[in-house]
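Printed here is work.cif (mmCIF, C-alpha atoms and all ligand atoms):
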data_structure
#
loop_
_atom_site.label_atom_id
_atom_site.label_comp_id
_atom_site.auth_asym_id
_atom_site.auth_seq_id
_atom_site.Cartn_x
_atom_site.Cartn_y
_atom_site.Cartn_z
CA MET A 1 -1.77 -35.84 96.31
CA HIS A 2 -2.94 -32.49 97.67
CA SER A 3 -6.16 -32.36 99.62
CA ARG A 4 -8.53 -29.39 99.62
CA SER A 5 -7.14 -28.42 103.00
CA SER A 6 -3.50 -28.47 101.80
CA PRO A 7 -1.94 -25.07 102.43
CA HIS A 8 -0.85 -23.12 99.38
CA VAL A 9 2.73 -21.89 99.85
CA VAL A 10 4.39 -19.39 97.54
CA VAL A 11 8.18 -19.69 97.45
CA VAL A 12 9.96 -16.61 96.09
CA GLY A 13 13.22 -17.49 94.30
CA ALA A 14 14.18 -20.68 92.45
CA GLY A 15 17.79 -20.96 93.58
CA ILE A 16 18.99 -24.03 95.46
CA VAL A 17 17.25 -22.93 98.67
CA GLY A 18 13.87 -22.13 97.09
CA ALA A 19 13.92 -25.31 94.98
CA ALA A 20 14.76 -27.42 98.05
CA ALA A 21 11.99 -25.72 100.03
CA ALA A 22 9.51 -26.43 97.21
CA PHE A 23 10.57 -30.09 97.13
CA PHE A 24 10.14 -30.61 100.88
CA LEU A 25 6.86 -28.68 100.99
CA GLU A 26 5.38 -30.86 98.27
CA ALA A 27 6.69 -33.98 99.99
CA ALA A 28 4.78 -32.84 103.10
CA GLY A 29 1.56 -32.43 101.09
CA ALA A 30 1.50 -28.65 100.51
CA ARG A 31 0.57 -27.00 97.21
CA VAL A 32 3.52 -24.94 96.01
CA THR A 33 3.95 -22.08 93.57
CA LEU A 34 7.58 -21.18 92.95
CA VAL A 35 7.87 -17.62 91.68
CA GLU A 36 11.17 -16.72 90.00
CA ALA A 37 12.26 -13.35 88.59
CA GLU A 38 14.30 -14.96 85.80
CA ALA A 39 14.83 -18.72 85.58
CA PRO A 40 15.81 -21.48 88.03
CA ALA A 41 19.42 -21.10 89.25
CA ALA A 42 19.71 -17.65 87.60
CA GLY A 43 21.25 -16.17 90.78
CA ALA A 44 24.26 -17.25 92.84
CA THR A 45 23.30 -20.92 92.52
CA GLY A 46 24.13 -20.94 88.81
CA ALA A 47 27.36 -18.92 89.14
CA SER A 48 29.25 -20.61 91.94
CA ASP A 49 31.60 -23.38 92.91
CA GLY A 50 30.00 -26.31 94.73
CA ALA A 51 32.12 -27.17 97.74
CA VAL A 52 29.97 -29.12 100.19
CA SER A 53 32.56 -28.42 102.78
CA VAL A 54 32.88 -28.50 106.53
CA ALA A 55 36.62 -27.75 106.20
CA SER A 56 35.96 -24.20 105.04
CA LYS A 57 33.58 -23.15 107.81
CA ARG A 58 34.09 -20.79 110.69
CA PRO A 59 33.98 -22.56 114.08
CA GLY A 60 30.65 -22.23 115.85
CA PRO A 61 27.19 -22.41 114.31
CA MET A 62 28.41 -22.47 110.68
CA MET A 63 30.69 -25.48 111.25
CA ALA A 64 27.95 -27.30 113.16
CA LEU A 65 25.35 -26.57 110.47
CA ALA A 66 27.73 -27.61 107.69
CA LEU A 67 28.27 -30.98 109.40
CA GLU A 68 24.51 -31.56 109.35
CA ALA A 69 24.11 -30.17 105.84
CA ARG A 70 26.81 -32.42 104.39
CA ALA A 71 25.31 -35.46 106.15
CA PHE A 72 21.94 -34.45 104.64
CA TYR A 73 23.50 -34.53 101.12
CA ARG A 74 24.71 -38.05 101.81
CA GLU A 75 21.25 -39.04 103.07
CA LEU A 76 19.48 -37.53 100.05
CA ALA A 77 21.95 -39.20 97.69
CA ALA A 78 21.35 -42.57 99.39
CA ARG A 79 17.55 -42.04 99.23
CA GLY A 80 17.85 -41.47 95.48
CA VAL A 81 16.69 -37.83 95.54
CA LEU A 82 20.19 -36.51 94.79
CA GLU A 83 21.63 -39.76 93.44
CA GLY A 84 24.70 -39.22 91.26
CA LEU A 85 24.99 -35.50 92.11
CA PHE A 86 26.97 -35.53 95.37
CA HIS A 87 30.65 -36.36 94.89
CA PRO A 88 32.66 -37.18 98.04
CA ARG A 89 36.25 -35.94 98.03
CA SER A 90 38.92 -34.51 100.34
CA THR A 91 39.61 -30.85 100.97
CA PHE A 92 43.27 -29.91 101.35
CA LEU A 93 43.81 -26.70 103.30
CA LEU A 94 47.20 -25.33 102.26
CA ALA A 95 49.64 -22.95 103.94
CA ARG A 96 52.48 -20.91 102.52
CA GLY A 97 54.70 -19.94 105.45
CA ASP A 98 54.51 -20.02 109.22
CA GLU A 99 51.71 -17.51 109.78
CA GLU A 100 49.34 -19.48 107.54
CA ALA A 101 50.53 -22.82 108.98
CA SER A 102 49.62 -21.71 112.50
CA LEU A 103 46.20 -20.60 111.26
CA LEU A 104 45.69 -24.08 109.78
CA GLU A 105 46.81 -25.70 113.00
CA ARG A 106 44.21 -23.70 114.92
CA HIS A 107 41.54 -24.40 112.33
CA GLY A 108 42.36 -28.14 112.34
CA ALA A 109 41.93 -28.19 116.12
CA ASP A 110 38.57 -26.43 115.78
CA LEU A 111 37.43 -28.95 113.15
CA ALA A 112 38.52 -31.90 115.31
CA ALA A 113 36.72 -30.41 118.32
CA ALA A 114 33.55 -30.24 116.20
CA GLY A 115 33.92 -33.97 115.44
CA GLU A 116 35.41 -33.69 111.93
CA ARG A 117 38.16 -36.06 110.75
CA VAL A 118 41.38 -34.12 110.14
CA VAL A 119 44.78 -35.40 108.98
CA ALA A 120 47.87 -33.18 109.38
CA ARG A 121 50.01 -33.37 106.22
CA SER A 122 53.68 -32.49 105.89
CA ALA A 123 55.00 -30.86 102.72
CA VAL A 124 56.39 -34.26 101.69
CA ASP A 125 53.01 -35.99 102.23
CA LEU A 126 51.24 -33.27 100.26
CA ARG A 127 53.57 -33.64 97.26
CA ARG A 128 53.02 -37.40 97.26
CA LEU A 129 49.23 -37.01 97.41
CA LEU A 130 49.08 -34.04 95.03
CA PRO A 131 51.89 -34.41 92.46
CA GLY A 132 52.80 -31.05 90.94
CA LEU A 133 51.96 -28.99 94.03
CA GLY A 134 53.83 -25.67 94.10
CA ALA A 135 57.10 -25.21 95.98
CA SER A 136 55.65 -22.36 98.08
CA VAL A 137 53.22 -24.71 99.88
CA THR A 138 54.85 -25.54 103.21
CA ALA A 139 52.15 -27.43 105.15
CA GLY A 140 48.56 -28.50 105.03
CA ILE A 141 45.72 -30.45 106.52
CA GLU A 142 43.47 -32.92 104.76
CA VAL A 143 39.77 -33.08 105.58
CA PRO A 144 38.77 -36.38 103.97
CA ASP A 145 34.96 -36.34 104.32
CA ASP A 146 33.98 -33.27 102.26
CA GLY A 147 32.19 -33.34 98.91
CA HIS A 148 31.08 -31.40 95.85
CA ALA A 149 27.80 -30.71 94.09
CA ILE A 150 26.85 -28.42 91.21
CA GLY A 151 24.21 -25.93 92.36
CA TYR A 152 22.18 -25.80 89.16
CA GLU A 153 22.09 -29.61 88.95
CA ILE A 154 20.79 -29.88 92.52
CA THR A 155 18.17 -27.20 91.78
CA ALA A 156 17.05 -28.97 88.59
CA ARG A 157 16.78 -32.30 90.43
CA PHE A 158 14.62 -30.87 93.23
CA LEU A 159 12.33 -29.29 90.64
CA ALA A 160 12.13 -32.45 88.52
CA ARG A 161 11.24 -34.55 91.58
CA SER A 162 8.55 -32.22 92.92
CA ARG A 163 7.10 -30.28 89.98
CA PRO A 164 5.77 -27.20 91.80
CA ALA A 165 3.82 -24.69 89.72
CA LEU A 166 6.81 -22.72 88.42
CA ARG A 167 6.34 -19.09 87.37
CA ARG A 168 9.44 -18.01 85.46
CA ALA A 169 10.23 -14.39 84.55
CA THR A 170 7.88 -13.23 87.32
CA PRO A 171 9.61 -10.80 89.70
CA VAL A 172 7.86 -10.38 93.02
CA ARG A 173 7.52 -6.66 93.74
CA ALA A 174 5.96 -6.80 97.19
CA LEU A 175 4.21 -9.00 99.70
CA LYS A 176 0.46 -8.89 100.05
CA LEU A 177 -0.51 -8.46 103.70
CA ARG A 178 -3.82 -8.79 105.50
CA GLY A 179 -3.30 -7.16 108.87
CA ASP A 180 -0.08 -8.62 110.23
CA ARG A 181 -0.43 -11.82 108.18
CA VAL A 182 0.93 -12.56 104.72
CA ALA A 183 -1.79 -13.21 102.13
CA GLY A 184 0.29 -13.64 98.99
CA VAL A 185 2.68 -11.83 96.69
CA VAL A 186 2.35 -9.01 94.19
CA THR A 187 4.17 -9.68 90.91
CA ALA A 188 4.65 -7.76 87.72
CA GLN A 189 1.95 -10.03 86.26
CA GLY A 190 -0.59 -9.68 89.07
CA GLU A 191 -1.21 -11.04 92.56
CA ILE A 192 -0.83 -14.61 93.71
CA ALA A 193 -2.76 -15.52 96.86
CA ALA A 194 -1.07 -17.79 99.40
CA ASP A 195 -1.55 -19.16 102.90
CA ARG A 196 2.20 -18.90 103.60
CA VAL A 197 5.18 -17.37 101.82
CA ILE A 198 8.87 -18.29 101.90
CA VAL A 199 11.26 -15.61 100.67
CA ALA A 200 14.39 -17.35 99.36
CA ALA A 201 15.37 -14.73 96.81
CA GLY A 202 19.07 -14.35 97.59
CA ILE A 203 20.09 -10.69 97.40
CA GLY A 204 16.60 -9.90 96.04
CA SER A 205 15.18 -10.80 99.47
CA ALA A 206 16.39 -7.59 101.14
CA VAL A 207 13.76 -5.22 99.76
CA LEU A 208 10.92 -7.70 100.22
CA ILE A 209 11.44 -8.42 103.91
CA GLY A 210 12.60 -5.07 105.26
CA LEU A 211 16.20 -6.13 105.90
CA GLY A 212 17.88 -3.90 103.33
CA ASP A 213 20.84 -2.76 105.40
CA VAL A 214 21.61 -6.19 106.82
CA LEU A 215 22.34 -7.96 103.52
CA VAL A 216 25.38 -7.05 101.43
CA PRO A 217 26.31 -8.30 97.94
CA ARG A 218 29.77 -9.84 97.67
CA LYS A 219 30.85 -10.57 94.12
CA GLY A 220 33.00 -13.56 93.23
CA GLN A 221 34.81 -14.12 89.93
CA MET A 222 35.90 -17.59 88.81
CA ALA A 223 37.62 -19.30 85.87
CA VAL A 224 37.01 -22.70 84.29
CA THR A 225 39.67 -24.69 82.41
CA ASP A 226 39.48 -27.29 79.70
CA ARG A 227 39.72 -30.97 80.66
CA ALA A 228 43.01 -32.22 82.05
CA GLN A 229 41.67 -35.72 81.40
CA PRO A 230 38.52 -37.13 79.71
CA SER A 231 36.66 -37.63 83.01
CA GLY A 232 37.13 -37.85 86.76
CA PRO A 233 38.85 -35.31 89.04
CA ALA A 234 42.40 -34.61 87.82
CA ILE A 235 43.84 -34.34 91.35
CA GLY A 236 43.00 -36.08 94.60
CA GLY A 237 41.08 -33.30 96.30
CA HIS A 238 39.91 -29.73 96.50
CA LEU A 239 42.72 -27.24 97.18
CA MET A 240 41.91 -24.34 99.46
CA ALA A 241 44.36 -21.61 100.47
CA ALA A 242 44.71 -20.55 104.08
CA THR A 243 43.84 -17.04 102.88
CA TYR A 244 40.33 -18.29 102.05
CA LEU A 245 39.96 -19.52 105.62
CA ALA A 246 41.35 -16.27 106.93
CA ALA A 247 38.61 -14.39 105.06
CA LYS A 248 35.99 -16.74 106.51
CA ARG A 249 37.34 -16.38 110.02
CA GLY A 250 37.58 -12.60 109.68
CA ILE A 251 41.39 -12.60 109.99
CA SER A 252 43.36 -10.19 107.80
CA LEU A 253 46.32 -11.81 106.00
CA ASP A 254 48.19 -10.40 103.02
CA LYS A 255 45.60 -11.10 100.23
CA PRO A 256 42.09 -10.87 101.66
CA HIS A 257 40.61 -9.97 98.24
CA ILE A 258 41.22 -13.45 96.84
CA GLY A 259 40.48 -16.65 98.69
CA LEU A 260 41.95 -19.21 96.35
CA VAL A 261 40.25 -22.52 95.69
CA ILE A 262 41.16 -24.99 92.95
CA ASP A 263 38.39 -27.45 92.41
CA PRO A 264 38.98 -30.59 90.32
CA LEU A 265 35.59 -31.36 88.75
CA VAL A 266 34.29 -34.81 87.80
CA THR A 267 34.45 -33.64 84.17
CA GLY A 268 38.28 -33.48 84.37
CA GLN A 269 38.17 -29.66 84.34
CA PHE A 270 39.32 -27.26 87.04
CA LEU A 271 37.15 -24.56 88.57
CA ILE A 272 39.37 -21.80 89.99
CA GLY A 273 38.24 -18.95 92.19
CA GLY A 274 37.52 -16.63 93.64
CA SER A 275 37.45 -12.98 94.41
CA ARG A 276 35.55 -11.54 97.37
CA GLU A 277 34.44 -8.09 96.24
CA GLU A 278 32.47 -6.27 98.88
CA ASN A 279 29.35 -4.33 97.87
CA ARG A 280 29.65 -5.33 94.23
CA SER A 281 26.55 -6.70 92.55
CA ASP A 282 27.45 -6.47 88.85
CA ARG A 283 28.28 -9.75 87.15
CA ARG A 284 31.18 -8.55 84.99
CA THR A 285 34.53 -10.31 85.03
CA ASP A 286 37.67 -8.20 84.59
CA ALA A 287 41.15 -9.09 83.40
CA ALA A 288 42.97 -7.75 86.46
CA THR A 289 40.99 -9.85 88.94
CA ILE A 290 41.03 -12.99 86.81
CA ALA A 291 44.80 -12.54 86.30
CA ALA A 292 45.30 -12.21 90.07
CA ILE A 293 43.28 -15.38 90.71
CA LEU A 294 45.23 -17.32 88.06
CA ARG A 295 48.60 -16.09 89.39
CA GLU A 296 47.69 -17.42 92.83
CA ALA A 297 46.45 -20.68 91.30
CA LEU A 298 49.71 -21.19 89.37
CA ASP A 299 51.71 -20.62 92.51
CA PHE A 300 49.75 -23.33 94.34
CA TYR A 301 49.52 -25.73 91.41
CA PRO A 302 51.95 -24.98 88.54
CA PRO A 303 50.62 -27.74 86.18
CA LEU A 304 47.65 -25.43 85.55
CA ALA A 305 49.98 -23.54 83.17
CA GLY A 306 49.25 -26.31 80.65
CA ARG A 307 45.48 -25.73 80.72
CA ARG A 308 43.32 -23.45 78.60
CA VAL A 309 40.92 -21.12 80.41
CA ILE A 310 37.66 -21.66 78.52
CA ARG A 311 35.31 -19.46 80.54
CA THR A 312 35.18 -16.88 83.27
CA PHE A 313 32.09 -15.87 85.21
CA ALA A 314 30.97 -13.91 88.25
CA GLY A 315 28.26 -14.56 90.81
CA ILE A 316 26.84 -12.53 93.68
CA ARG A 317 26.98 -13.94 97.18
CA THR A 318 24.39 -12.60 99.62
CA ALA A 319 26.33 -11.83 102.78
CA CYS A 320 24.76 -10.96 106.08
CA ARG A 321 26.30 -8.31 108.32
CA ASP A 322 26.97 -10.72 111.20
CA GLY A 323 28.25 -13.57 108.99
CA LEU A 324 25.33 -15.91 109.61
CA PRO A 325 22.49 -16.76 107.22
CA ILE A 326 18.94 -15.61 108.00
CA VAL A 327 16.47 -18.48 108.34
CA GLY A 328 13.26 -18.36 110.31
CA PRO A 329 9.80 -16.88 110.71
CA HIS A 330 9.61 -13.15 110.04
CA PRO A 331 9.34 -11.25 113.35
CA ALA A 332 6.57 -8.92 112.22
CA VAL A 333 4.55 -10.86 109.63
CA ASP A 334 2.74 -14.12 110.40
CA GLY A 335 3.01 -16.86 107.80
CA LEU A 336 6.19 -15.40 106.29
CA VAL A 337 9.45 -17.37 106.45
CA VAL A 338 12.83 -16.00 105.39
CA ALA A 339 15.76 -18.06 104.04
CA THR A 340 18.62 -15.98 102.69
CA GLY A 341 22.13 -14.67 103.45
CA PHE A 342 24.03 -17.87 102.64
CA GLU A 343 27.09 -15.98 101.32
CA GLY A 344 29.64 -18.52 100.04
CA ASP A 345 28.03 -21.51 101.77
CA GLY A 346 24.61 -21.92 100.18
CA ILE A 347 25.39 -24.90 97.97
CA CYS A 348 26.54 -26.77 101.06
CA LEU A 349 23.71 -25.54 103.30
CA GLY A 350 20.97 -25.16 100.66
CA PRO A 351 19.15 -28.52 100.76
CA LEU A 352 19.08 -28.60 104.57
CA MET A 353 18.04 -24.96 104.88
CA GLY A 354 15.31 -25.46 102.27
CA ALA A 355 14.02 -28.41 104.30
CA CYS A 356 14.06 -26.29 107.47
CA ALA A 357 12.24 -23.40 105.79
CA ALA A 358 9.58 -25.81 104.52
CA ARG A 359 8.93 -27.17 108.01
CA LEU A 360 8.78 -23.67 109.48
CA ALA A 361 6.31 -22.56 106.80
CA LEU A 362 4.08 -25.48 107.78
CA GLY A 363 4.25 -24.42 111.42
CA GLU A 364 6.45 -27.37 112.42
CA ALA A 365 9.79 -27.47 114.19
CA PRO A 366 12.65 -28.22 111.76
CA ALA A 367 14.79 -31.31 112.40
CA THR A 368 17.81 -29.00 112.73
CA ASP A 369 17.78 -26.23 115.33
CA VAL A 370 18.13 -23.03 113.31
CA SER A 371 17.08 -20.61 116.06
CA VAL A 372 20.53 -18.96 115.95
CA LEU A 373 19.73 -17.90 112.35
CA SER A 374 16.42 -16.24 113.22
CA PRO A 375 15.68 -12.84 111.61
CA ARG A 376 14.55 -11.75 115.07
CA ARG A 377 18.17 -10.82 115.78
CA PHE A 378 17.73 -7.72 113.58
CA ALA A 379 15.48 -4.73 113.80
CA VAL A 380 13.16 -5.17 110.83
CA ARG A 381 12.12 -2.13 108.85
CA GLU A 382 8.90 -1.86 106.92
CA VAL A 383 8.08 -4.82 104.69
CA ALA A 384 7.42 -4.00 101.01
CA GLN A 385 3.67 -4.19 100.35
C1 LIG B 401 31.73 -17.25 93.00
C2 LIG B 401 30.92 -18.02 94.00
C3 LIG B 401 31.40 -19.23 94.49
C4 LIG B 401 30.65 -19.95 95.43
N1 LIG B 401 31.12 -21.16 95.88
C5 LIG B 401 30.39 -21.88 96.79
C6 LIG B 401 30.86 -23.13 97.26
O1 LIG B 401 31.90 -23.64 96.85
N2 LIG B 401 30.10 -23.80 98.19
C7 LIG B 401 28.92 -23.28 98.67
O2 LIG B 401 28.30 -23.91 99.53
N3 LIG B 401 28.45 -22.09 98.21
C8 LIG B 401 29.15 -21.39 97.28
N4 LIG B 401 28.69 -20.18 96.85
C9 LIG B 401 27.48 -19.62 97.46
C10 LIG B 401 26.21 -20.17 96.85
O3 LIG B 401 26.25 -20.10 95.43
C11 LIG B 401 25.01 -19.37 97.38
O4 LIG B 401 25.10 -19.23 98.79
C12 LIG B 401 23.70 -20.08 97.05
O5 LIG B 401 23.65 -20.35 95.67
C13 LIG B 401 22.53 -19.21 97.48
O6 LIG B 401 21.34 -19.82 97.03
P1 LIG B 401 19.94 -19.08 97.18
O7 LIG B 401 18.91 -20.01 96.67
O8 LIG B 401 19.84 -18.54 98.57
O9 LIG B 401 20.08 -17.76 96.28
P2 LIG B 401 20.18 -17.57 94.69
O10 LIG B 401 20.83 -18.71 94.02
O11 LIG B 401 20.75 -16.22 94.47
O12 LIG B 401 18.66 -17.61 94.23
C14 LIG B 401 17.76 -16.57 94.44
C15 LIG B 401 16.77 -16.56 93.28
O13 LIG B 401 15.77 -15.60 93.57
C16 LIG B 401 15.44 -14.92 92.39
N5 LIG B 401 14.89 -13.61 92.77
C17 LIG B 401 15.54 -12.53 93.29
N6 LIG B 401 14.67 -11.54 93.55
C18 LIG B 401 13.46 -12.00 93.19
C19 LIG B 401 12.14 -11.43 93.21
N7 LIG B 401 11.93 -10.17 93.65
N8 LIG B 401 11.10 -12.17 92.75
C20 LIG B 401 11.30 -13.44 92.31
N9 LIG B 401 12.52 -14.03 92.27
C21 LIG B 401 13.57 -13.32 92.72
C22 LIG B 401 16.76 -14.82 91.64
O14 LIG B 401 16.55 -14.63 90.24
C23 LIG B 401 17.39 -16.16 91.96
O15 LIG B 401 17.10 -17.15 91.00
C24 LIG B 401 29.40 -19.45 95.89
C25 LIG B 401 28.91 -18.25 95.35
C26 LIG B 401 29.65 -17.56 94.42
C27 LIG B 401 29.08 -16.28 93.85
#

Take the structure I supplied and represent it as structure tokens, if you would.
Amino acid sequence: MHSRSSPHVVVVGAGIVGAAAAFFLEAAGARVTLVEAEAPAAGATGASDGAVSVASKRPGPMMALALEARAFYRELAARGVLEGLFHPRSTFLLARGDEEASLLERHGADLAAAGERVVARSAVDLRRLLPGLGASVTAGIEVPDDGHAIGYEITARFLARSRPALRRATPVRALKLRGDRVAGVVTAQGEIAADRVIVAAGIGSAVLIGLGDVLVPRKGQMAVTDRAQPSGPAIGGHLMAATYLAAKRGISLDKPHIGLVIDPLVTGQFLIGGSREENRSDRRTDAATIAAILREALDFYPPLAGRRVIRTFAGIRTACRDGLPIVGPHPAVDGLVVATGFEGDGICLGPLMGACAARLALGEAPATDVSVLSPRRFAVREVAQ
């Protein structure tokens, strides 16, 4: 129950991060209004893959945060909040040739140093574990403790379990300020007063918080197949090309435009992606890019030739210039908390980052140290008001 003294918090954006923040705010006794330009999961959250993966992270803060974020999924699943929505499975990082194999070796050492279980796999091992694997795959490593979750399902669950006042089709145009303190938001349908505001609006955050030149859209196209079997993942893990890792680690290999992942879903389908198209924020798919993704996928896993592609889609990742998300109190506006810039990692990080943003909005220290993600690391321009 809310008391009269409960703070009223407006959360801008009903993606996975905003929905998680709303859930944890309500659990802490706050009154929450979730203001969404379109509908829940209308942004990247509803147009993504759902690797809850430590294997794919750059060494350093992202790997450390992903370890905590994945453990948080397990905890929330065990507590019943996300019961049935988190699916443990291995990630197989795959190399074609010596250059990629040495990258995997280095990455495996970084994962092990961070405390992650890693199993080196020979080509023979890989073919036993993943029958049908392409002849060009020469080596790999298995990361057995990763998982998968569908972003829009997680979002819907957080909303169903917290029931914040949800304002759909209500774009926030500006923040309402009183002096150097936030006092609410200005929407197309009028003002909403608030004691605190969390901006978790993905790429839409940039204009609201004065960080326009720091956030960059990065489009990703993906394809979905029919079912290889009636239910259950059709292969024993998530396949991820070394080129995907190279893109994450900022290393240039031969095909930086496509970081291939082949994700066997619990429905028996495959989700295949994805392109990494810098500065693109349209959501069109195109034949040339989808063809390039599928060619790569067939090289890694030829049995896909027997599948029908039933859908293609594109989503927009919100990338931050320095490769780290932005989570923390706004440097110039009291009562304003920012949570954006999760690029291709927000399904993994989303629940934990939403929980951290909620604690920060209530003036409490989050359970996870997110100081490295603080917006204070950038010069903030004028906030929209
Ligand atoms: C192709 C692709 C594949 C991906 N694969 C993975 C993966 O395997 N694993 C992983 O962890 N991550 C993955 N991601 C990344 C992940 O989807 C995002 O990082 C995550 O969804 C970001 O969530 P969010 O809540 O920050 O933003 P969003 O989901 O973009 O939500 C922001 C919301 O804010 C709303 N909004 C915007 N502006 C306003 C405004 N002015 N007023 C009100 N509302 C507003 C939008 O409508 C939207 O609903 C992938 C992304 C893509 C595109």

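You can rank A:Thr91, A:Ser371, A:Thr33, A:Ser205 by their closest distance to ligand LIG 401 (chain B) using all atoms listed in the file, and at the top of that list sits A:Ser205.
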
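Distance annotation: of A:Gly250, A:Gly335, A:Gly46, A:Pro302, the residue with the minimal separation from ligand LIG 401 (chain B) is A:Gly46; atom set is all atoms listed in the file.
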
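Between CA of Gly97 (chain A) and CA of Val137 (chain A) the interatomic distance comes to 7.5 Å.
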
- Quote the spacing between CA of Ala193 (chain A) and CA of Val11 (chain A) in Å to one decimal place. 11.7 Å

- Nearest to ligand LIG 401 (chain B) by atom-to-atom distance, counting only C-alpha atoms and all ligand atoms, from A:Ala19, A:Leu166, A:Ala44, A:Leu104: A:Ala44

- Do a neighbour search on Gly179 (chain A) at 10 Å with all atoms listed in the file, toss out local chain neighbours closer than 3 positions, and write the hits as number ranges by chain. A: 176, 182-183, 333-334

- Could you give me the residues within 7 Å of ligand LIG 401 (chain B), counting all atoms listed in the file, as a VMD selection string? chain A and resid 12 to 18 35 to 53 151 170 to 173 200 to 205 219 to 222 273 to 274 314 to 318 339 to 350

Applying 7 Å and only C-alpha atoms, which residues near Arg196 (chain A) remain after dropping the ones on its own chain fewer than 3 positions away? List them as an mmCIF file with C-alpha atoms, in the frame of the given file.
data_model
loop_
_atom_site.group_PDB
_atom_site.id
_atom_site.type_symbol
_atom_site.label_atom_id
_atom_site.label_comp_id
_atom_site.auth_asym_id
_atom_site.auth_seq_id
_atom_site.Cartn_x
_atom_site.Cartn_y
_atom_site.Cartn_z
ATOM 1 C CA HIS A 8 -0.850 -23.120 99.380
ATOM 2 C CA VAL A 9 2.730 -21.890 99.850
ATOM 3 C CA VAL A 10 4.390 -19.390 97.540
ATOM 4 C CA VAL A 182 0.930 -12.560 104.720
ATOM 5 C CA GLY A 335 3.010 -16.860 107.800
ATOM 6 C CA LEU A 336 6.190 -15.400 106.290
ATOM 7 C CA ALA A 361 6.310 -22.560 106.800
#

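When CA of Leu352 (chain A) is paired with CA of Ile192 (chain A), their separation reads 26.6 Å.
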
- Message: Under the rule that all atoms listed in the file are counted, which of A:Arg74, A:Arg283, A:Arg276, A:Arg377 is the nearest residue to Gly147 (chain A)?
- Response: A:Arg74

- For Phe23 (chain A), please output as JSON, numbers by chain all residues within 9 Å (counting only C-alpha atoms; exclusion window: fewer than 6 positions along the same chain). {"A": [32, 158, 159, 161, 162, 163, 164, 354, 355, 358]}

Can you sort out the box for region 238-246 of chain A, edges along x, y and z, all listed atoms in, 4 Å on every side, with centre and edge lengths in Å to one decimal, as JSON?
{"center_x": 42.3, "center_y": -23.0, "center_z": 101.7, "size_x": 12.8, "size_y": 21.5, "size_z": 18.4}

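For the residues A:Leu245, A:Ala332, A:Ile272, A:Ala123, ranking by smallest atom-to-atom distance to Leu298 (chain A) using only C-alpha atoms places A:Ile272 first.
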